[in-house]
$ cat structure_38.csv   # CSV, C-alpha atoms
chain,number,residue,atom,x,y,z
R,9,MET,CA,-58.2,-71.6,-120.7
R,10,ARG,CA,-59.5,-68.1,-120.5
R,11,LEU,CA,-56.9,-66.9,-122.9
R,12,ARG,CA,-57.8,-69.5,-125.4
R,13,HIS,CA,-61.4,-68.4,-125.2
R,14,LEU,CA,-60.3,-64.8,-125.7
R,15,ILE,CA,-58.3,-65.7,-128.7
R,16,LEU,CA,-61.1,-67.8,-130.1
R,17,SER,CA,-63.7,-65.0,-129.7
R,18,LEU,CA,-61.2,-62.5,-131.2
R,19,LEU,CA,-60.9,-64.8,-134.2
R,20,LEU,CA,-64.6,-65.0,-134.4
R,21,ALA,CA,-64.9,-61.3,-134.2
R,22,LEU,CA,-62.9,-60.9,-137.4
R,23,PRO,CA,-65.6,-62.0,-139.8
R,24,LEU,CA,-64.5,-60.2,-143.0
R,25,LEU,CA,-61.4,-62.1,-143.6
R,26,ALA,CA,-60.7,-65.4,-145.2
R,27,TRP,CA,-57.2,-66.8,-144.8
R,28,ALA,CA,-55.0,-68.3,-147.3
R,29,ALA,CA,-52.7,-71.2,-146.4
R,30,ASP,CA,-49.9,-68.8,-145.8
R,31,GLY,CA,-52.0,-66.8,-143.4
R,32,THR,CA,-52.6,-63.7,-145.5
R,33,ALA,CA,-56.1,-62.4,-146.0
R,34,THR,CA,-57.1,-62.7,-149.6
R,35,ILE,CA,-60.8,-61.9,-149.8
R,36,THR,CA,-63.0,-59.2,-148.5
R,37,ALA,CA,-66.7,-58.5,-148.8
R,38,ASP,CA,-67.2,-54.8,-149.2
R,39,ALA,CA,-70.4,-53.0,-148.4
R,40,PRO,CA,-72.5,-56.1,-147.9
R,41,TYR,CA,-76.3,-55.6,-147.4
R,42,VAL,CA,-79.5,-57.4,-147.6
R,43,ARG,CA,-82.3,-55.6,-149.4
R,44,GLN,CA,-85.2,-55.3,-147.0
R,45,PRO,CA,-88.0,-57.5,-148.4
R,46,PRO,CA,-91.6,-56.5,-148.1
R,47,PRO,CA,-93.3,-58.0,-145.1
R,48,SER,CA,-95.0,-60.8,-147.0
R,49,ALA,CA,-92.0,-61.8,-149.1
R,50,ARG,CA,-90.4,-65.1,-148.5
R,51,ALA,CA,-87.1,-64.3,-150.2
R,52,ALA,CA,-84.5,-61.5,-150.1
R,53,GLY,CA,-81.4,-60.7,-152.0
R,54,ALA,CA,-77.9,-60.1,-150.5
R,55,PHE,CA,-75.4,-57.9,-152.3
R,56,MET,CA,-71.8,-57.0,-151.9
R,57,THR,CA,-68.5,-56.6,-153.7
R,58,LEU,CA,-66.1,-59.5,-153.3
R,59,ARG,CA,-62.5,-58.5,-153.7
R,60,ASN,CA,-59.7,-61.0,-154.2
R,61,THR,CA,-56.4,-59.5,-153.2
R,62,GLY,CA,-54.6,-62.8,-153.5
R,63,GLN,CA,-52.6,-64.4,-156.3
R,64,THR,CA,-55.0,-67.2,-157.1
R,65,ALA,CA,-58.5,-67.0,-158.5
R,66,LEU,CA,-61.3,-67.8,-156.0
R,67,ARG,CA,-64.8,-69.3,-156.6
R,68,LEU,CA,-67.7,-68.6,-154.4
R,69,VAL,CA,-69.6,-71.9,-154.5
R,70,ALA,CA,-72.2,-71.7,-151.7
R,71,ALA,CA,-73.6,-69.5,-149.0
R,72,SER,CA,-75.4,-70.2,-145.8
R,73,THR,CA,-77.3,-68.2,-143.2
R,74,PRO,CA,-79.2,-69.0,-140.0
R,75,ALA,CA,-81.8,-66.4,-141.1
R,76,ALA,CA,-83.3,-68.4,-144.0
R,77,GLY,CA,-84.0,-72.0,-144.9
R,78,THR,CA,-81.7,-71.8,-148.0
R,79,ALA,CA,-79.2,-69.5,-149.6
R,80,GLU,CA,-78.5,-69.8,-153.3
R,81,LEU,CA,-76.3,-68.0,-155.7
R,82,HIS,CA,-78.3,-66.4,-158.4
R,83,THR,CA,-78.0,-64.1,-161.3
R,84,HIS,CA,-80.4,-62.2,-163.5
R,85,HIS,CA,-80.4,-61.6,-167.2
R,86,GLU,CA,-82.8,-60.3,-169.8
R,87,GLU,CA,-83.6,-62.6,-172.7
R,88,ASP,CA,-86.5,-62.7,-175.1
R,89,GLY,CA,-87.9,-59.6,-173.4
R,90,MET,CA,-88.1,-61.4,-170.1
R,91,MET,CA,-86.2,-61.0,-166.9
R,92,LYS,CA,-84.8,-64.3,-166.0
R,93,MET,CA,-83.5,-65.3,-162.6
R,94,ARG,CA,-81.2,-68.3,-162.6
R,95,ARG,CA,-79.2,-70.2,-160.1
R,96,VAL,CA,-75.5,-70.2,-160.8
R,97,GLU,CA,-73.0,-72.9,-159.7
R,98,ALA,CA,-70.3,-70.5,-158.7
R,99,ILE,CA,-69.3,-66.9,-158.8
R,100,ASP,CA,-65.7,-66.4,-159.9
R,101,ILE,CA,-63.4,-63.8,-158.4
R,102,PRO,CA,-60.2,-63.5,-160.4
R,103,ALA,CA,-56.9,-63.0,-158.7
R,104,GLY,CA,-56.5,-59.3,-157.9
R,105,GLY,CA,-60.0,-58.8,-159.1
R,106,GLU,CA,-63.5,-58.5,-157.9
R,107,ALA,CA,-67.1,-59.8,-158.3
R,108,VAL,CA,-69.9,-57.3,-157.9
R,109,LEU,CA,-73.2,-58.6,-156.5
R,110,ARG,CA,-75.7,-55.9,-157.2
R,111,PRO,CA,-79.4,-55.5,-157.9
R,112,GLY,CA,-80.3,-56.6,-161.4
R,113,GLY,CA,-77.4,-59.1,-161.5
R,114,LEU,CA,-75.6,-61.5,-159.2
R,115,HIS,CA,-76.9,-61.9,-155.7
R,116,VAL,CA,-77.1,-64.3,-152.8
R,117,MET,CA,-80.8,-65.3,-152.7
R,118,LEU,CA,-82.1,-66.0,-149.2
R,119,ILE,CA,-85.1,-68.3,-149.5
R,120,ASP,CA,-87.7,-69.1,-146.8
R,121,LEU,CA,-86.8,-66.3,-144.4
R,122,HIS,CA,-87.4,-67.5,-140.8
R,123,ALA,CA,-88.6,-64.0,-139.7
R,124,PRO,CA,-89.4,-60.7,-141.4
R,125,LEU,CA,-86.3,-58.5,-141.7
R,126,ALA,CA,-86.4,-55.0,-140.4
R,127,GLU,CA,-84.2,-52.1,-141.4
R,128,GLY,CA,-81.1,-52.2,-139.1
R,129,ASP,CA,-81.2,-55.9,-138.6
R,130,SER,CA,-78.0,-57.7,-139.4
R,131,VAL,CA,-78.0,-61.0,-141.3
R,132,PRO,CA,-75.0,-63.3,-140.7
R,133,LEU,CA,-73.9,-64.9,-143.9
R,134,THR,CA,-71.2,-67.5,-144.4
R,135,LEU,CA,-69.7,-67.6,-147.9
R,136,HIS,CA,-68.0,-70.8,-148.9
R,137,PHE,CA,-65.3,-70.9,-151.5
R,138,ASP,CA,-63.9,-73.6,-153.6
R,139,GLY,CA,-61.1,-75.3,-151.7
R,140,GLY,CA,-62.8,-75.0,-148.3
R,141,ALA,CA,-62.1,-71.4,-147.3
R,142,SER,CA,-65.0,-69.5,-145.9
R,143,LEU,CA,-65.9,-65.9,-145.1
R,144,ARG,CA,-68.3,-64.6,-142.4
R,145,VAL,CA,-70.1,-61.5,-143.4
R,146,ASP,CA,-72.6,-59.5,-141.4
R,147,ALA,CA,-74.9,-57.9,-143.9
R,148,PRO,CA,-77.1,-55.1,-142.6
R,149,VAL,CA,-80.7,-54.9,-143.8
R,150,ARG,CA,-81.2,-51.8,-145.9
R,151,ARG,CA,-84.3,-50.3,-147.4
R,152,GLN,CA,-83.7,-49.8,-151.1
R,153,ILE,CA,-84.0,-46.4,-152.7
R,154,PRO,CA,-85.7,-45.7,-156.0
R,155,THR,CA,-83.8,-45.7,-159.2
R,156,ALA,CA,-81.8,-42.5,-159.5
R,157,ASP,CA,-81.8,-40.3,-162.6
R,158,HIS,CA,-79.2,-41.4,-165.1
R,159,ALA,CA,-79.0,-44.7,-163.4
R,160,PRO,CA,-77.5,-47.4,-165.6
R,161,ARG,CA,-80.1,-49.5,-167.3
R,162,HIS,CA,-79.9,-53.3,-166.8
X,17,MET,CA,-132.5,-73.7,-213.4
X,18,ASN,CA,-131.0,-77.1,-213.9
X,19,ARG,CA,-128.7,-79.0,-211.6
X,20,ARG,CA,-125.5,-78.1,-213.5
X,21,GLU,CA,-126.2,-74.4,-213.3
X,22,TRP,CA,-126.8,-74.6,-209.6
X,23,GLY,CA,-123.5,-76.3,-209.2
X,24,ARG,CA,-121.8,-73.6,-211.2
X,25,ARG,CA,-123.4,-70.9,-209.2
X,26,LEU,CA,-122.5,-72.6,-205.9
X,27,LEU,CA,-118.9,-72.9,-207.1
X,28,GLY,CA,-118.8,-69.3,-208.1
X,29,ALA,CA,-120.1,-68.2,-204.7
X,30,ALA,CA,-117.6,-70.4,-203.0
X,31,LEU,CA,-114.8,-68.9,-205.1
X,32,LEU,CA,-116.0,-65.4,-204.4
X,33,ALA,CA,-116.2,-66.1,-200.6
X,34,TYR,CA,-112.7,-67.7,-200.7
X,35,THR,CA,-111.2,-64.7,-202.5
X,36,ALA,CA,-112.8,-62.3,-200.1
X,37,LEU,CA,-111.5,-64.3,-197.2
X,38,ALA,CA,-108.0,-64.5,-198.7
X,39,GLN,CA,-108.1,-60.8,-199.2
X,40,ALA,CA,-109.2,-60.2,-195.7
X,41,THR,CA,-106.4,-62.2,-194.3
X,42,GLU,CA,-103.8,-60.8,-196.7
X,43,THR,CA,-104.7,-57.2,-196.0
X,44,PRO,CA,-104.0,-56.6,-192.3
X,45,VAL,CA,-105.3,-53.6,-190.6
X,46,TRP,CA,-101.8,-52.9,-189.3
X,47,ALA,CA,-98.8,-52.9,-191.5
X,48,LEU,CA,-96.7,-56.0,-190.8
X,49,ASP,CA,-93.6,-54.1,-189.7
X,50,GLU,CA,-95.6,-52.1,-187.2
X,51,PRO,CA,-96.3,-53.7,-183.8
X,52,MET,CA,-100.0,-54.2,-183.2
X,53,PRO,CA,-101.4,-51.7,-180.7
X,54,LEU,CA,-101.8,-53.2,-177.2
X,55,ARG,CA,-105.2,-54.2,-176.2
X,56,ALA,CA,-104.9,-53.2,-172.6
X,57,ARG,CA,-107.8,-55.0,-171.1
X,58,TYR,CA,-107.9,-57.1,-168.0
X,59,LEU,CA,-110.4,-58.7,-165.7
X,60,LEU,CA,-108.8,-59.7,-162.4
X,61,VAL,CA,-109.5,-60.1,-158.7
X,62,GLY,CA,-108.7,-57.2,-156.4
X,63,PRO,CA,-107.6,-57.0,-152.8
X,64,ASP,CA,-111.2,-57.3,-151.5
X,65,GLY,CA,-112.0,-60.4,-153.6
X,66,GLY,CA,-114.1,-58.4,-156.1
X,67,ALA,CA,-113.6,-58.3,-159.8
X,68,VAL,CA,-111.4,-55.4,-161.0
X,69,SER,CA,-111.1,-54.5,-164.6
X,70,ASP,CA,-109.5,-51.8,-166.7
X,71,GLU,CA,-112.9,-50.1,-166.9
X,72,ASP,CA,-112.9,-49.4,-163.2
X,73,PHE,CA,-110.3,-46.7,-163.5
X,74,ARG,CA,-111.8,-44.5,-166.2
X,75,GLY,CA,-110.8,-40.9,-165.5
X,76,ARG,CA,-107.4,-42.0,-164.1
X,77,PHE,CA,-104.1,-42.9,-165.7
X,78,GLN,CA,-103.1,-46.4,-165.0
X,79,LEU,CA,-99.5,-47.4,-164.3
X,80,ILE,CA,-99.3,-51.2,-164.5
X,81,THR,CA,-96.6,-53.7,-163.9
X,82,PHE,CA,-96.5,-57.5,-163.9
X,83,GLY,CA,-94.4,-59.5,-161.4
X,84,TYR,CA,-94.5,-61.8,-158.4
X,85,THR,CA,-93.8,-61.3,-154.7
X,86,PHE,CA,-91.1,-64.1,-154.6
X,87,CYS,CA,-89.0,-62.0,-156.9
X,88,PRO,CA,-86.3,-60.5,-154.7
X,89,ASP,CA,-84.9,-57.8,-157.0
X,90,ILE,CA,-86.6,-56.8,-160.2
X,91,CYS,CA,-90.1,-56.5,-158.9
X,92,PRO,CA,-89.2,-54.6,-155.7
X,93,THR,CA,-87.2,-52.2,-157.8
X,94,THR,CA,-90.1,-51.6,-160.2
X,95,LEU,CA,-92.6,-51.1,-157.4
X,96,LEU,CA,-90.2,-48.8,-155.6
X,97,ASP,CA,-89.9,-46.7,-158.8
X,98,MET,CA,-93.7,-46.8,-159.3
X,99,ALA,CA,-94.3,-45.6,-155.7
X,100,GLU,CA,-91.7,-42.8,-156.2
X,101,ALA,CA,-93.4,-41.8,-159.5
X,102,LEU,CA,-96.8,-41.7,-157.8
X,103,ARG,CA,-95.3,-39.6,-155.0
X,104,GLN,CA,-94.0,-37.1,-157.5
X,105,LEU,CA,-97.3,-37.1,-159.3
X,106,ASP,CA,-99.3,-36.4,-156.1
X,107,GLY,CA,-102.5,-34.7,-157.0
X,108,LEU,CA,-102.8,-36.2,-160.5
X,109,PRO,CA,-105.2,-39.1,-160.9
X,110,VAL,CA,-102.9,-42.0,-161.4
X,111,GLN,CA,-103.7,-45.6,-160.3
X,112,GLY,CA,-100.7,-47.9,-159.7
X,113,LEU,CA,-101.4,-51.6,-160.2
X,114,PHE,CA,-99.3,-54.7,-159.6
X,115,VAL,CA,-100.5,-57.8,-161.5
X,116,THR,CA,-99.1,-61.1,-160.2
X,117,VAL,CA,-97.9,-63.7,-162.7
X,118,ASP,CA,-97.7,-66.2,-159.8
X,119,PRO,CA,-101.3,-66.4,-158.7
X,120,GLN,CA,-100.8,-69.7,-157.0
X,121,ARG,CA,-98.4,-68.3,-154.4
X,122,ASP,CA,-99.5,-64.7,-154.5
X,123,THR,CA,-102.8,-64.8,-152.6
X,124,ARG,CA,-104.9,-61.7,-152.0
X,125,GLU,CA,-103.4,-61.4,-148.5
X,126,VAL,CA,-99.9,-61.7,-149.7
X,127,LEU,CA,-100.5,-59.2,-152.5
X,128,LYS,CA,-102.1,-56.7,-150.1
X,129,THR,CA,-99.2,-56.7,-147.6
X,130,TYR,CA,-96.7,-56.6,-150.5
X,131,THR,CA,-98.1,-53.6,-152.3
X,132,ALA,CA,-98.9,-51.7,-149.1
X,133,TYR,CA,-95.2,-51.8,-148.3
X,134,PHE,CA,-94.4,-49.8,-151.3
X,135,ASP,CA,-97.4,-47.5,-151.4
X,136,PRO,CA,-100.9,-48.1,-150.0
X,137,ARG,CA,-102.3,-46.6,-153.2
X,138,ILE,CA,-100.9,-49.4,-155.3
X,139,LEU,CA,-103.4,-52.2,-155.8
X,140,GLY,CA,-102.3,-55.8,-156.2
X,141,LEU,CA,-104.4,-57.8,-158.7
X,142,GLY,CA,-104.5,-61.6,-159.1
X,143,GLY,CA,-107.1,-64.2,-159.7
X,144,SER,CA,-107.3,-67.6,-161.3
X,145,PRO,CA,-104.3,-68.7,-163.5
X,146,GLU,CA,-106.6,-68.3,-166.5
X,147,LEU,CA,-107.6,-64.7,-165.7
X,148,VAL,CA,-104.0,-63.8,-165.2
X,149,ALA,CA,-102.9,-65.5,-168.4
X,150,ARG,CA,-105.6,-63.6,-170.4
X,151,ALA,CA,-104.6,-60.2,-168.9
X,152,ALA,CA,-100.9,-60.9,-169.6
X,153,ALA,CA,-101.7,-62.0,-173.2
X,154,ASN,CA,-103.5,-58.8,-173.7
X,155,PHE,CA,-100.5,-56.8,-172.6
X,156,ARG,CA,-98.3,-59.2,-174.5
X,157,VAL,CA,-96.5,-59.9,-171.3
X,158,ARG,CA,-94.8,-63.3,-171.4
X,159,TYR,CA,-94.0,-65.3,-168.3
X,160,ALA,CA,-92.9,-68.8,-167.5
X,161,ARG,CA,-92.5,-70.7,-164.3
X,162,VAL,CA,-88.9,-72.0,-163.8
X,163,GLU,CA,-87.5,-74.2,-161.1
X,164,THR,CA,-84.2,-72.8,-160.0
X,165,GLY,CA,-83.3,-75.1,-157.1
X,166,PRO,CA,-83.9,-78.5,-155.6
X,167,ASP,CA,-87.2,-77.4,-153.9
X,168,PRO,CA,-89.9,-77.2,-156.5
X,169,GLU,CA,-91.9,-74.9,-154.2
X,170,ASN,CA,-89.2,-72.2,-154.6
X,171,TYR,CA,-89.7,-71.7,-158.3
X,172,ALA,CA,-89.0,-68.4,-160.1
X,173,VAL,CA,-91.1,-66.9,-162.7
X,174,ASP,CA,-89.5,-65.4,-165.8
X,175,HIS,CA,-91.5,-62.4,-166.8
X,176,ALA,CA,-91.4,-59.2,-168.9
X,177,ALA,CA,-90.4,-56.3,-166.7
X,178,GLY,CA,-91.3,-52.6,-167.1
X,179,LEU,CA,-94.3,-50.4,-166.6
X,180,TYR,CA,-97.3,-49.9,-168.8
X,181,LEU,CA,-99.1,-46.6,-168.9
X,182,LEU,CA,-102.8,-46.3,-169.9
X,183,ASP,CA,-104.6,-43.1,-170.4
X,184,LYS,CA,-107.8,-41.9,-168.7
X,185,ASP,CA,-109.9,-43.9,-171.2
X,186,GLY,CA,-107.9,-47.1,-170.6
X,187,LEU,CA,-106.0,-46.9,-173.8
X,188,PHE,CA,-102.4,-47.9,-173.9
X,189,LEU,CA,-100.0,-45.0,-174.1
X,190,ARG,CA,-96.6,-46.4,-173.7
X,191,LYS,CA,-94.3,-48.8,-171.9
X,192,PHE,CA,-91.5,-47.7,-169.7
X,193,ALA,CA,-88.5,-50.0,-169.7
X,194,TYR,CA,-87.2,-51.5,-166.5
X,195,GLY,CA,-84.8,-49.1,-164.9
X,196,THR,CA,-86.5,-45.9,-166.2
X,197,PRO,CA,-86.0,-43.3,-163.4
X,198,PRO,CA,-89.2,-42.4,-161.6
X,199,ALA,CA,-88.6,-38.7,-162.3
X,200,GLN,CA,-88.7,-39.4,-166.0
X,201,ILE,CA,-91.9,-41.5,-165.7
X,202,ALA,CA,-93.5,-38.7,-163.7
X,203,ALA,CA,-92.5,-36.1,-166.2
X,204,GLU,CA,-94.0,-38.0,-169.1
X,205,ILE,CA,-97.3,-38.6,-167.3
X,206,ARG,CA,-97.5,-35.0,-166.4
X,207,ALA,CA,-96.9,-34.1,-170.0
X,208,TYR,CA,-99.7,-36.4,-171.1
X,209,ALA,CA,-102.0,-35.0,-168.5
X,210,SER,CA,-101.3,-31.4,-169.6
X,211,GLY,CA,-101.7,-32.2,-173.2
X,212,GLU,CA,-105.2,-33.6,-173.0

$ encode --input "structure_38.csv" --output "structure tokens"
Amino acid sequence: MRLRHLILSLLLALPLLAWAADGTATITADAPYVRQPPPSARAAGAFMTLRNTGQTALRLVAASTPAAGTAELHTHHEEDGMMKMRRVEAIDIPAGGEAVLRPGGLHVMLIDLHAPLAEGDSVPLTLHFDGGASLRVDAPVRRQIPTADHAPRH
Amino acid sequence: MNRREWGRRLLGAALLAYTALAQATETPVWALDEPMPLRARYLLVGPDGGAVSDEDFRGRFQLITFGYTFCPDICPTTLLDMAEALRQLDGLPVQGLFVTVDPQRDTREVLKTYTAYFDPRILGLGGSPELVARAAANFRVRYARVETGPDPENYAVDHAAGLYLLDKDGLFLRKFAYGTPPAQIAAEIRAYASGE
């Protein structure tokens, strides 16, 4: 009984891995973080690089978190001189490739935050992939730094 | 003068007026291929509930951006860059302003907390949807409410990003595109200030 608990908690403690049917880890979330929102903000963006080391393409189709009422997959693009934020149905991660979620582009939008997020907090996220696989990610809350010189323009 | 002559004179006057009018509309003050200069006027409501207009900051440069606090990415980046530019320009009279394009959700309290997080010197301006619409139109800032998810309360607002710089007389100097490094913004404002 104890051993089973131990194994179970060990499994839960390996949050960064999703497992393919053959038992090999195929996706990782590198450098995840949640951008610290100002105190009065109801929403925050989560960013990371999703790497697919497997042989088959993966689709991120949903995200969930106990820290907010809703988590949606969003992207930004500029059109007609306006910055537009839109919900996307899925984020594709090609086999052997990656999807970069970064400011100004793709992100997981956390809506209706239950509590203000402080720097150093960790936000548990569960990423759900097409086909039923999921990935637990602990995204630390980081204060954003200003745009650096020679930063790429979006 | 008989009736017919009156009629002729009236017709002549009407024709003359029509021609003048046509000429007036056909001869724009600004060449058509040049964008009209921005009329950087606004009358909004400030953090204390009082009216705030562009005339309140005569003698100071104004660095203005439009956005909304629900915006998780573009607006915080812009305000962070504005705060950093203000920090680098410490000592120069520059007023940072954040104008909400979402006055329904961005109440004075929300705006106050929001702007203070970036820099307590930045003022958040809002007001009635009509006042905001007029200010945005003057800056030729377009915005549109868009529902992104199932909850209509969690709408997004498409909007023009970037920073607008006004001189000490409230005249529009230039726009900085979204993503312009704060060091560059600060350097240009410093150059304007020294070139006065």

$ residues_around --input "structure_38.csv" --residues "Ser144 (chain X)" --least-positions-apart "4" --cutoff "12 Å" --atoms "only C-alpha atoms" --output "PyMOL selection string"
chain X and resi 59-62+65+67+115-124+148-151

$ residues_near_point --input "structure_38.csv" --point "(-77.9, -60.7, -162.3)" --cutoff "6 Å" --atoms "all atoms listed in the file" --output "PDB file with C-alpha atoms, in the frame of the given file"
ATOM      1  CA  THR R  83     -78.000 -64.100-161.300  1.00  0.00           C
ATOM      2  CA  HIS R  84     -80.400 -62.200-163.500  1.00  0.00           C
ATOM      3  CA  HIS R  85     -80.400 -61.600-167.200  1.00  0.00           C
ATOM      4  CA  GLY R 112     -80.300 -56.600-161.400  1.00  0.00           C
ATOM      5  CA  GLY R 113     -77.400 -59.100-161.500  1.00  0.00           C
ATOM      6  CA  LEU R 114     -75.600 -61.500-159.200  1.00  0.00           C
TER       7      LEU R 114
END

$ residues_near_point --input "structure_38.csv" --point "(-97.4, -40.0, -169.2)" --cutoff "9 Å" --atoms "only C-alpha atoms" --output "ChimeraX atom specification"
/X:77,181-183,189-190,201-209

$ atom_distance --input "structure_38.csv" --atom1 "CA of Leu58 (chain R)" --atom2 "CA of Ala75 (chain R)"
21.0 Å

$ closest_residue --input "structure_38.csv" --among "R:Arg144, R:Arg94, R:His115, R:Arg110" --to "chain X" --atoms "all atoms listed in the file"
R:Arg94

$ interface_residues --input "structure_38.csv" --of "chain X" --to "chain R" --cutoff "6 Å" --atoms "all atoms listed in the file" --output "PyMOL selection string"
chain X and resi 85-86+88+96-97+126+129-130+133+164+174-176+195+197

$ residues_around --input "structure_38.csv" --residues "Gln104 (chain X)" --least-positions-apart "2" --cutoff "9 Å" --atoms "all atoms listed in the file" --output "list in words"
Ala99, Glu100, Ala101, Leu102, Asp106, Gly107, Pro198, Ala199, Ala202 and Ala203 of chain X

$ residues_around --input "structure_38.csv" --residues "Arg59 (chain R)" --least-positions-apart "6" --cutoff "10 Å" --atoms "only C-alpha atoms" --output "ChimeraX atom specification"
/R:34-38,66,101-108

$ residues_around --input "structure_38.csv" --residues "Thr73 (chain R)" --least-positions-apart "6" --cutoff "10 Å" --atoms "all atoms listed in the file" --output "PyMOL selection string"
chain R and resi 79+118+121+131-135+144-145

$ write_last_selection --input "structure_38.csv" --atoms "C-alpha atoms" --output "JSON list (two decimals), keeping the file's coordinate frame"
[["chain", "number", "residue", "atom", "x", "y", "z"],
["R", 79, "ALA", "CA", -79.20, -69.50, -149.60],
["R", 118, "LEU", "CA", -82.10, -66.00, -149.20],
["R", 121, "LEU", "CA", -86.80, -66.30, -144.40],
["R", 131, "VAL", "CA", -78.00, -61.00, -141.30],
["R", 132, "PRO", "CA", -75.00, -63.30, -140.70],
["R", 133, "LEU", "CA", -73.90, -64.90, -143.90],
["R", 134, "THR", "CA", -71.20, -67.50, -144.40],
["R", 135, "LEU", "CA", -69.70, -67.60, -147.90],
["R", 144, "ARG", "CA", -68.30, -64.60, -142.40],
["R", 145, "VAL", "CA", -70.10, -61.50, -143.40]]

$ closest_residue --input "structure_38.csv" --among "R:Leu143, R:Ala123, R:Ile99, R:Val149" --to "Ala65 (chain R)" --atoms "all atoms listed in the file"
R:Ile99

$ atom_distance --input "structure_38.csv" --atom1 "CA of Asp135 (chain X)" --atom2 "CA of Pro109 (chain X)"
14.9 Å

$ atom_distance --input "structure_38.csv" --atom1 "CA of Asp129 (chain R)" --atom2 "CA of Asp146 (chain R)"
9.7 Å
